[in-house]
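Asker: My structure is in work01.cif, and what it holds is mmCIF, C-alpha atoms:
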data_run
loop_
_atom_site.label_atom_id
_atom_site.label_comp_id
_atom_site.auth_asym_id
_atom_site.auth_seq_id
_atom_site.Cartn_x
_atom_site.Cartn_y
_atom_site.Cartn_z
CA ASP X 72 -18.22 29.12 51.46
CA ARG X 73 -16.13 28.49 48.40
CA ARG X 74 -13.00 30.17 47.22
CA ALA X 75 -11.27 29.66 43.89
CA GLY X 76 -7.51 29.69 43.58
CA GLY X 77 -5.50 31.75 41.19
CA GLY X 78 -3.68 34.33 43.24
CA GLY X 79 -3.76 37.07 45.79
CA GLY X 80 -1.65 40.08 46.58
CA GLY X 81 1.78 38.79 47.50
CA GLY X 82 0.48 35.22 47.52
CA GLY X 83 2.25 33.97 44.42
CA GLY X 84 -0.91 33.82 42.29
CA GLY X 85 1.04 34.32 39.07
CA TRP X 86 2.89 31.03 39.49
CA ASP X 87 1.81 27.52 38.51
CA ASP X 88 1.47 24.40 40.69
CA ALA X 89 5.13 23.53 40.15
CA GLY X 90 6.32 26.93 41.40
CA GLN X 91 7.16 28.14 37.90
CA PRO X 92 5.87 31.27 36.13
CA PRO X 93 2.98 30.32 33.80
CA ASP X 94 3.25 30.91 30.06
CA PHE X 95 1.15 33.96 29.20
CA SER X 96 2.18 33.96 25.51
CA SER X 97 -1.20 32.55 24.45
CA ILE X 98 -2.80 35.82 25.61
CA SER X 99 -2.61 38.33 22.77
CA GLU X 100 -0.13 41.17 23.12
CA GLU X 101 -3.02 43.63 22.82
CA LYS X 102 -4.90 42.01 25.72
CA ARG X 103 -1.83 41.87 27.94
CA ALA X 104 -1.07 45.54 27.19
CA GLU X 105 -4.69 46.48 27.94
CA ILE X 106 -4.64 44.72 31.34
CA GLN X 107 -1.25 46.21 32.25
CA ALA X 108 -2.44 49.70 31.30
CA GLN X 109 -5.62 49.37 33.39
CA ILE X 110 -3.63 48.32 36.45
CA GLU X 111 -1.00 51.02 35.87
CA VAL X 112 -3.65 53.74 35.67
CA PHE X 113 -5.38 52.43 38.80
CA ALA X 114 -2.06 52.26 40.67
CA THR X 115 -1.19 55.87 39.90
CA ALA X 116 -4.64 57.51 39.89
CA GLY X 117 -6.92 58.39 42.78
CA PRO X 118 -10.60 57.42 42.99
CA SER X 119 -11.46 60.13 40.47
CA GLY X 120 -9.25 58.43 37.90
CA GLN X 121 -10.85 55.01 38.25
CA ALA X 122 -13.19 55.44 35.34
CA GLN X 123 -10.20 55.57 33.00
CA ALA X 124 -9.18 52.04 34.04
CA ALA X 125 -12.33 49.94 34.14
CA ALA X 126 -15.88 49.94 35.42
CA PRO X 127 -15.36 50.65 39.14
CA VAL X 128 -17.23 49.26 42.09
CA PRO X 129 -17.73 51.13 45.39
CA GLY X 130 -14.73 51.33 47.69
CA ASP X 131 -12.05 52.51 45.26
CA GLU X 132 -11.66 49.18 43.46
CA LEU X 133 -10.78 48.14 39.93
CA ALA X 134 -13.12 45.32 38.85
CA PHE X 135 -12.20 43.25 35.83
CA PRO X 136 -15.07 41.61 33.89
CA ALA X 137 -16.14 38.03 34.53
CA SER X 138 -15.42 37.29 30.86
CA LEU X 139 -11.67 37.10 31.51
CA SER X 140 -10.26 33.63 30.94
CA ALA X 141 -8.56 31.74 33.78
CA LEU X 142 -5.16 32.52 32.29
CA GLU X 143 -6.04 36.21 31.92
CA ARG X 144 -7.07 36.29 35.59
CA ARG X 145 -3.71 34.82 36.53
CA PHE X 146 -2.05 37.48 34.39
CA VAL X 147 -3.92 40.11 36.39
CA HIS X 148 -2.62 38.59 39.64
CA SER X 149 0.92 38.39 38.24
CA THR X 150 0.82 42.04 37.12
CA VAL X 151 -0.64 43.24 40.43
CA GLU X 152 2.21 41.56 42.32
CA GLN X 153 4.58 43.98 40.59
CA HIS X 154 2.80 46.98 42.13
CA ALA X 155 3.46 47.57 45.82
CA GLY X 156 0.31 48.57 47.67
CA LEU X 157 -2.14 46.73 45.39
CA THR X 158 -4.01 43.51 46.10
CA ALA X 159 -5.92 41.24 43.71
CA ARG X 160 -8.69 38.95 44.96
CA GLY X 161 -11.56 36.91 43.60
CA ALA X 162 -15.16 38.05 44.00
CA GLY X 163 -18.58 36.82 42.96
CA THR X 164 -19.93 33.32 42.38
CA GLY X 165 -20.23 30.90 39.48
CA GLU X 166 -20.20 32.58 36.07
CA GLU X 167 -19.96 35.98 37.78
CA TRP X 168 -16.53 35.14 39.26
CA ARG X 169 -14.19 38.05 38.59
CA ILE X 170 -10.97 39.65 39.78
CA VAL X 171 -11.04 42.84 41.84
CA VAL X 172 -7.94 44.97 42.45
CA THR X 173 -7.83 47.15 45.57
CA ARG X 174 -5.37 49.40 47.32
CA GLY X 175 -3.90 48.28 50.63
CA PRO X 176 -3.14 44.90 52.24
CA PRO X 177 -5.09 41.71 51.46
CA ARG X 178 -8.52 41.37 53.02
CA ASP X 179 -8.41 39.82 56.53
CA ALA X 180 -4.63 40.36 56.73
CA ALA X 181 -4.87 42.14 60.07
CA ASP X 182 -7.08 39.46 61.61
CA VAL X 183 -5.01 36.44 60.56
CA GLY X 184 -1.92 38.24 61.81
CA ASN X 185 -3.12 37.30 65.30
CA ILE X 186 -2.42 33.64 64.53
CA PRO X 187 1.01 32.57 65.88
CA ALA X 188 3.70 32.49 63.19
CA GLU X 189 4.41 28.80 63.86
CA ARG X 190 0.77 27.90 63.28
CA GLN X 191 0.63 29.97 60.10
CA ALA X 192 3.74 28.18 58.81
CA GLU X 193 2.22 24.78 59.65
CA LEU X 194 -1.00 25.49 57.73
CA GLU X 195 0.95 26.95 54.78
CA ALA X 196 3.18 23.85 54.64
CA GLN X 197 0.14 21.55 54.50
CA LEU X 198 -1.37 23.56 51.63
CA LYS X 199 1.88 23.71 49.66
CA ALA X 200 2.21 19.94 50.03
CA LEU X 201 -1.25 19.59 48.46
CA ARG X 202 -0.28 22.00 45.67
CA ASP X 203 2.85 19.97 44.94
CA GLY X 204 1.13 16.58 45.08
CA VAL X 205 2.98 15.35 48.16
CA GLU X 206 0.23 15.59 50.77
CA PRO X 207 0.15 12.81 53.41
CA GLY X 208 -1.66 9.70 52.20
CA VAL X 209 -1.52 10.57 48.49
CA LEU X 210 -1.39 7.43 46.30
CA PRO X 211 1.97 7.20 44.49
CA LYS X 212 1.96 7.03 40.70
CA VAL X 213 4.48 6.11 38.02
CA ASP X 214 7.65 8.26 38.07
CA ASP X 215 7.00 9.65 41.55
CA VAL X 216 10.01 9.72 43.85
CA ILE X 217 9.15 8.08 47.17
CA ARG X 218 10.70 7.40 50.56
CA VAL X 219 10.08 4.25 52.57
CA VAL X 220 8.60 5.39 55.88
CA GLN X 221 7.94 2.04 57.54
CA VAL X 222 8.91 -1.59 57.07
CA LEU X 223 7.06 -4.47 58.71
CA GLY X 224 9.11 -7.42 59.87
CA THR X 225 12.88 -7.78 59.65
CA ASP X 226 14.42 -5.01 57.59
CA ARG X 227 17.02 -7.23 55.93
CA THR X 228 17.78 -4.82 53.10
CA HIS X 229 17.71 -1.69 55.22
CA LEU X 230 14.70 -0.26 53.38
CA GLN X 231 13.51 2.28 55.89
CA GLY X 232 14.42 5.80 54.81
CA ARG X 233 15.47 4.70 51.30
CA THR X 234 14.28 6.68 48.28
CA GLY X 235 13.33 5.25 44.91
CA THR X 236 11.28 5.80 41.76
CA VAL X 237 7.85 4.26 41.21
CA LEU X 238 7.71 1.94 38.17
CA GLY X 239 4.11 0.80 38.54
CA THR X 240 1.09 0.57 40.86
CA ALA X 241 -1.61 -2.02 41.47
CA SER X 242 -4.78 -2.22 43.55
CA LEU X 243 -4.96 -4.88 46.25
CA ALA X 244 -7.94 -6.73 47.64
CA GLY X 245 -9.88 -4.38 49.85
CA SER X 246 -8.74 -0.77 49.87
CA GLY X 247 -4.98 -1.18 49.70
CA ALA X 248 -2.52 -0.64 46.88
CA ALA X 249 0.99 -1.80 46.02
CA VAL X 250 3.81 0.03 44.27
CA SER X 251 6.75 -1.34 42.33
CA VAL X 252 9.81 0.76 43.17
CA ARG X 253 13.31 0.86 41.74
CA PHE X 254 16.04 1.65 44.24
CA GLU X 255 19.43 2.73 42.95
CA GLY X 256 22.39 0.50 43.73
CA ASP X 257 24.61 1.22 46.70
CA GLY X 258 27.28 -1.43 46.19
CA ALA X 259 26.10 -3.18 49.34
CA ALA X 260 22.65 -4.56 50.17
CA PHE X 261 21.19 -3.10 46.97
CA GLY X 262 24.11 -4.04 44.70
CA ASP X 263 23.66 -2.44 41.27
CA GLY X 264 20.01 -1.62 41.93
CA LEU X 265 16.91 -3.41 43.08
CA VAL X 266 13.19 -3.44 42.20
CA LEU X 267 10.84 -4.24 45.07
CA THR X 268 7.07 -4.24 45.58
CA LEU X 269 5.86 -2.38 48.65
CA ALA X 270 2.53 -1.46 50.20
CA ALA X 271 1.54 2.08 49.23
CA GLN X 272 0.87 2.88 52.90
CA ASP X 273 4.54 2.20 53.68
CA VAL X 274 5.88 4.96 51.43
CA ALA X 275 5.54 8.75 51.19
CA VAL X 276 5.78 10.79 48.00
CA LEU X 277 8.76 13.17 48.02
CA GLU X 278 8.52 14.49 44.44
CA ALA X 279 5.33 14.03 42.42
CA ALA X 280 5.63 13.52 38.68
CA ARG X 281 3.58 15.82 36.45
CA PRO X 282 0.77 16.01 35.57
CA LEU X 283 -0.74 15.78 39.03
CA ARG X 284 -4.02 14.03 39.73
CA GLU X 285 -6.71 15.93 41.53
CA GLY X 286 -6.60 15.68 45.30
CA PHE X 287 -7.89 17.24 48.48
CA VAL X 288 -7.14 17.77 52.16
CA VAL X 289 -9.82 17.97 54.84
CA PHE X 290 -8.83 20.17 57.76
CA PRO X 291 -10.19 19.26 61.22
CA LYS X 292 -13.14 20.94 62.88
CA THR X 293 -10.77 22.19 65.58
CA LEU X 294 -9.56 25.03 63.31
CA THR X 295 -10.70 28.42 64.52
CA GLY X 296 -12.59 30.85 62.29
CA LEU X 297 -9.39 32.88 61.82
CA GLU X 298 -7.46 29.77 60.86
CA ARG X 299 -10.08 28.91 58.25
CA LYS X 300 -9.77 32.46 56.88
CA LEU X 301 -6.02 31.97 56.65
CA VAL X 302 -6.43 28.63 54.89
CA HIS X 303 -8.80 30.26 52.36
CA SER X 304 -6.33 33.09 51.78
CA ILE X 305 -3.27 30.87 51.31
CA ALA X 306 -5.17 28.43 49.09
CA GLU X 307 -6.36 31.25 46.84
CA GLY X 308 -2.81 32.55 46.59
CA ILE X 309 -1.28 29.27 45.40
CA GLY X 310 -3.97 28.16 42.95
CA LEU X 311 -6.06 25.81 45.11
CA TYR X 312 -9.82 25.74 45.69
CA SER X 313 -11.30 25.81 49.19
CA GLN X 314 -14.77 25.32 50.63
CA SER X 315 -16.18 25.32 54.15
CA PHE X 316 -18.90 22.90 55.25
CA GLY X 317 -21.09 22.56 58.31
CA GLU X 318 -22.24 25.03 60.94
CA GLY X 319 -21.02 26.15 64.34
CA LYS X 320 -18.64 23.74 66.10
CA ASP X 321 -19.08 21.27 63.23
CA ARG X 322 -17.74 23.68 60.61
CA TYR X 323 -14.64 22.53 58.72
CA ILE X 324 -12.76 23.39 55.54
CA THR X 325 -11.70 21.22 52.60
CA VAL X 326 -9.08 22.34 50.05
CA PHE X 327 -8.96 20.88 46.53
CA ARG X 328 -6.26 20.51 43.91
CA ARG X 329 -7.64 20.48 40.38
CA ALA X 330 -6.14 18.17 37.77
CA PRO X 331 -5.47 18.79 34.08
CA SER X 332 -8.34 17.54 31.93
CA SER X 333 -6.20 14.63 30.67
CA VAL X 334 -6.08 13.05 34.13
CA ALA X 335 -9.12 14.60 35.85
CA GLY X 336 -11.20 11.46 35.42
CA GLU X 337 -8.77 9.29 37.37
CA GLY X 338 -9.65 10.82 40.74
CA VAL X 339 -7.88 10.37 44.05
CA GLY X 340 -9.16 9.13 47.36
CA GLY X 341 -12.73 8.89 46.07
CA LEU X 342 -12.84 12.45 44.69
CA SER X 343 -14.21 12.36 41.15
CA ALA X 344 -13.71 15.05 38.54
CA SER X 345 -17.33 16.14 38.91
CA SER X 346 -17.01 16.79 42.66
CA LYS X 347 -14.51 19.65 42.48
CA ALA X 348 -15.48 22.94 44.07
CA GLU X 349 -16.54 25.61 41.61
CA PRO X 350 -15.35 29.21 41.75
CA GLY X 351 -17.11 31.41 44.25
CA ALA X 352 -16.71 33.42 47.41
CA ALA X 353 -18.62 34.01 50.60
CA ALA X 354 -17.92 35.22 54.10
CA GLU X 355 -16.32 32.74 56.49
#
Output the structure of this file as structure tokens.
Answerer:
Amino acid sequence: DRRAGGGGGGGGGGWDDAGQPPDFSSISEEKRAEIQAQIEVFATAGPSGQAQAAAPVPGDELAFPASLSALERRFVHSTVEQHAGLTARGAGTGEEWRIVVTRGPPRDAADVGNIPAERQAELEAQLKALRDGVEPGVLPKVDDVIRVVQVLGTDRTHLQGRTGTVLGTASLAGSGAAVSVRFEGDGAAFGDGLVLTLAAQDVAVLEAARPLREGFVVFPKTLTGLERKLVHSIAEGIGLYSQSFGEGKDRYITVFRRAPSSVAGEGVGGLSASSKAEPGAAAE
């Protein structure tokens, strides 16, 4: 199944991939007021008042049309988060993808609550790392802040654990890559500052420069069905795309980070711009 990111009740869907509120000013004041009014009416009216808000679907829901833009959908999520007791979620597939607002907790909330808190926190941390461009194994790029995680041979300049800023990258023969990193001076081994070339596999990204490239994380087949539901839910809430593959014991989930159009063609780890998951939803 495939899930598109963009928000979920209490999931932070109104925020961008840097954890900042998105700029809704490009949406006309009239459209913003219309959306806010629809949600306000739905929040205060019973099922009999639904027709005043929008075309309803069965189950006491407020369904917004598929014609909403991506930014307008995020505005819906952001507005819903201000109303206790309401939840916004994605529904439909392809061009029929739309936002549905319901009363009560997010779908599957009771089920995933059976997952231990430590495990939930672990999965959430992995997804937030992907959102922020600091997932394990991500290829550093110019202006990223990195930390040296391993040094082969004698560590004469005490590199391990040092942080620096990437000045450039280069591909190596085979599948490796190298990064040129500037380390600030320390008055000792690094003097007034030092630029060194390191293997990309020896560093980890601490802070990713914007814009981010597209990326993805493949979760292992050992995840339970409930854990996959939780991954879908968290991913949707922080603006990531998720899709499950395989059947039975071979079923696994992959989560994608989309890139701005200006860098989408660069790809990461063999993921091209054309291979991103498209919006959609289906039962896990």
Asker: Would you mind reading off the distance between CA of Ser242 in chain X and CA of Arg329 in chain X, one decimal, in Å?
Answerer: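 So the answer is 23.1 Å.
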Asker: Mind telling me what the PyMOL selection byres ((chain X and resi 95) around 9) catches here, as number ranges by chain?
Answerer: X: 92-94, 96-99, 103, 142-143, 145-146
Asker: Please save C-alpha atoms of the selected residues as a compact mmCIF listing (two decimals), in the frame of the given file.
Answerer:
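Output file selection_38.txt is given in full below:
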# COMPACT_ATOMS: atom_id res chain seq x y z
CA PRO X 92 5.87 31.27 36.13
CA PRO X 93 2.98 30.32 33.80
CA ASP X 94 3.25 30.91 30.06
CA SER X 96 2.18 33.96 25.51
CA SER X 97 -1.20 32.55 24.45
CA ILE X 98 -2.80 35.82 25.61
CA SER X 99 -2.61 38.33 22.77
CA ARG X 103 -1.83 41.87 27.94
CA LEU X 142 -5.16 32.52 32.29
CA GLU X 143 -6.04 36.21 31.92
CA ARG X 145 -3.71 34.82 36.53
CA PHE X 146 -2.05 37.48 34.39
Asker: May I ask for the distance between CA of Leu277 in chain X and CA of Ala141 in chain X, given in Å to one decimal place?
Answerer: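 CA of Leu277 in chain X sits 29.1 Å away from CA of Ala141 in chain X.
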Asker: Would you mind reading off the distance between CA of Arg218 in chain X and CA of Ile309 in chain X, one decimal, in Å?
Answerer: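 Distance reported for this atom pair: 25.5 Å.
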Asker: Given the choices X:Pro136, X:Gly319, X:Gly245, X:Gly184, which gets closest to Glu298 in chain X if the distance is worked out from only C-alpha atoms?
Answerer: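 Closest candidate: X:Gly184.
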Asker: When you count all atoms listed in the file, which of these residues is closest to Gly232 in chain X: X:Ala137, X:Val274, X:Val252, X:Ala244?
Answerer: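 Among the listed residues, the smallest separation from Gly232 in chain X belongs to X:Val274.
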Asker: So which residues touch His154 in chain X within 12 Å, counting only C-alpha atoms, skipping near sequence neighbours fewer than 4 positions away, as an NGL selection string?
Answerer: :X and (80-81 or 107 or 110-115 or 147-150 or 158-159 or 172-176)
Asker: Evaluating the PyMOL selection byres ((chain X and resi 291) around 9) on the displayed file yields which residues, as a list in words?
Answerer: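 Going through the file, the PyMOL selection byres ((chain X and resi 291) around 9) ends up selecting Val289, Phe290, Lys292, Thr293, Leu294, Arg322, Tyr323, Ile324 and Thr325 of chain X.
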Asker: Please identify all polymer residues within 8 Å of Ala280 in chain X, counting only C-alpha atoms, omitting same-chain residues fewer than 4 positions from it, and present them as a PyMOL selection string.
Answerer: chain X and resi 212-216
Asker: Have a look at X:Glu193, X:Asp203, X:Glu101, X:Asp257 and name the one nearest to Glu285 in chain X; count all atoms listed in the file.
Answerer: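 Using all atoms listed in the file, the shortest distance to Glu285 in chain X belongs to X:Asp203.
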